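Notes for the one structure printed next.
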Amino acid sequence: MGCLPKLSHPTYGYGTQNKDSVVIARVSEGIDYLVEHNAKNYHTITDGILQSFDPTTLPPDLVRCNESKCHMTGTLWLNSQAVSKVSEVISSNEDIAVGSETSGLRVAGADYRIRGDFSTAVFGFNFLYLDYLAEKGGTLTVTIADYDDEEFANSYNYTVQLPKKTTLGFEVFQIALGDPMAIKSQKGTGWVPTTPSTNGIHIKYTITLNTETYANSPIGLSSIKFICDKSELHKADNVILSCIQSIAPNISVDATDASCFGQQYDKDSASVEFSVEARTRSKNDYWLNPFERKGDKIFAPLPKTKLLEVKPITIDGRDFGYFHLPDLSSGCNSIIVSLGEECEGIYLEPLQAPQLTSIDETEFIAIYQESSEAFGDVYVEKRHIGKKALVTYDADTEVDHFIADGEKMDSFESEFIIPMIQDGGIEEYVRFYALVTEHSMELNNTDEASLSLTLSVVRKNGKWYDRYRKLA
């Protein structure tokens, strides 16, 4: 009788992880809209027939690329009407001669009078969400004038091509208000908002679709939004963490005391955290710091050290030694001066006098007033003429500015994709939404610094996370 084969139950584990794996964080913060207008608050239905307004049909946020719909508004549904003549080329797929009879062209539209100071949005963007069906696409025409311009006597016309669309679902379309290439035509002086534009704008949306199959399908308008400039469109990005040192998931939930139904979990105590330590990251890693946001390029006072020779100068009949700092920042008390001697240097003390006065060999006077012709001059006692001065001072330096004011904390959102490698090289990925609750780094002169993050997982759409295992 032969021996039974040696059997074992199938198991797996996680071995040494691949340090070349990357953790990806998809990050965003809320857009500061100048105006968010509900599509139901129209002035007139300019084309087509009003079908209804549905406050429950909300588009996803396609500008921020965010699943949240809490700041989106409902949908105005319009039934289109047939177009008998074409006043201009309006098909996105074929040229139609002016004045020709049309077949399959449908039009609907509405105008809005929207309050707000649009003098700050001359170079901004307008976003409109549309839901429509058209097998040959169509055109969105936007006409904009000042609030009190009822007839659009001084207005701009913008045209946006609508792609063919055979399934329902919202798409967002943008109009670059200040882009001369986007302005297709002009009446009168064009749209010139009053300054400040305390009234607002008069804007008309005309949707022309080239369709026969979906002639009876309504057109939906929703969530009209305006931003002042494109800086608001830089509020989403992807951050990469690489050279991963460790990934530590931690799932915890308390147990309740046994009851009539036996022991149970305390669901309110459930929490999921991931700790990630990485040596390198992409240069936009400021997104992962809850306090930081990126500002503009500025000139900031940063320490700079120079070795300068003390030169002679005579002012009002008195002799001094001096040197000049052309890039000195205007802030006071930012200069350190040491003078070389045969055996050791001499540290000079600042004399905080606004004008030049008598000084001894242990003092110096710096002129910090930008209005002075001598701004940037540093004066020492005349016996130091010819000596070398080691000077450390705040110099105006062009920098990228990162501001730790916590401004983004109220609207910040991040989604992480974490890699994990099983024995045998099988790849797993965990995807979840989280807030960065700890952000730390230790710099030293012996080892490379690691960025350590604690990620508190946020339950979203009823789940903590998704875990995916690639099929072998």
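Residues are named by chain letter and number: chains run A, B, ... in the order of the structure tokens, numbers start at 1 in each chain, and ligands are numbered from 1 in the order shown.
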Exercise for review: Run DSSP on the backbone of this structure and report the residues of segment 5-176 of chain A it assigns to strand (DSSP E or B), as number ranges by chain.
Suggested key: A: 23-28, 35-37, 44-47, 49-54, 61, 66, 75-79, 81-82, 85, 101, 105-115, 125-131, 134, 138-146, 155-162, 165, 171-176
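From atom CA of Ala153 of chain A back to atom CA of Gly188 of chain A, the distance works out to 6.0 Å.
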Please build the interface table for segment 179-231 of chain A against segment 159-165 of chain A with a cut-off of 8 Å, listing for each qualifying residue the nearest atom pair and the distance in Å to one decimal; count only C-alpha atoms, order rows by chain and increasing number, and write it as JSON lines.
```
{"residue": "A:Ala182", "atom": "CA", "partner": "A:Thr159", "partner_atom": "CA", "distance": 7.2}
{"residue": "A:Ile183", "atom": "CA", "partner": "A:Thr159", "partner_atom": "CA", "distance": 7.5}
{"residue": "A:Lys184", "atom": "CA", "partner": "A:Thr159", "partner_atom": "CA", "distance": 6.5}
```
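Neighbouring residues of segment 42-49 of chain A at 9 Å or closer, counting only C-alpha atoms and skipping chain neighbours under 3 positions away, are A:Asn38, A:Ala39, A:Trp77, A:Leu78, A:Asn79, A:Ser80, A:Gln81, A:Ala82, A:Arg106, A:Val107, A:Ala108, A:Gly109, A:Ala110, A:Asp111, A:Tyr112, A:Arg113, A:Lys204, A:Tyr205, A:Thr206, A:Ile207.
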Selection above as a file: C-alpha atoms, as a PDB file, in the first residue's frame:
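Result written to selection_39.pdb:
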```pdb
ATOM      1  CA  ASN A  38     -29.449  77.314  -9.671  1.00  0.00           C
ATOM      2  CA  ALA A  39     -30.714  76.516 -13.188  1.00  0.00           C
ATOM      3  CA  TRP A  77     -35.488  70.056 -18.318  1.00  0.00           C
ATOM      4  CA  LEU A  78     -36.445  71.647 -21.639  1.00  0.00           C
ATOM      5  CA  ASN A  79     -38.204  70.093 -24.625  1.00  0.00           C
ATOM      6  CA  SER A  80     -36.503  71.189 -27.827  1.00  0.00           C
ATOM      7  CA  GLN A  81     -38.237  72.515 -30.897  1.00  0.00           C
ATOM      8  CA  ALA A  82     -37.434  72.018 -34.562  1.00  0.00           C
ATOM      9  CA  ARG A 106     -33.471  70.914 -32.523  1.00  0.00           C
ATOM     10  CA  VAL A 107     -33.037  73.940 -30.283  1.00  0.00           C
ATOM     11  CA  ALA A 108     -33.739  74.807 -26.646  1.00  0.00           C
ATOM     12  CA  GLY A 109     -32.440  77.480 -24.334  1.00  0.00           C
ATOM     13  CA  ALA A 110     -32.915  79.871 -21.455  1.00  0.00           C
ATOM     14  CA  ASP A 111     -31.476  83.153 -20.264  1.00  0.00           C
ATOM     15  CA  TYR A 112     -30.480  84.181 -16.745  1.00  0.00           C
ATOM     16  CA  ARG A 113     -29.921  87.429 -14.920  1.00  0.00           C
ATOM     17  CA  LYS A 204     -28.234  83.257 -22.481  1.00  0.00           C
ATOM     18  CA  TYR A 205     -27.613  79.586 -23.244  1.00  0.00           C
ATOM     19  CA  THR A 206     -28.802  78.201 -26.598  1.00  0.00           C
ATOM     20  CA  ILE A 207     -28.410  74.455 -27.195  1.00  0.00           C
TER      21      ILE A 207
END
```
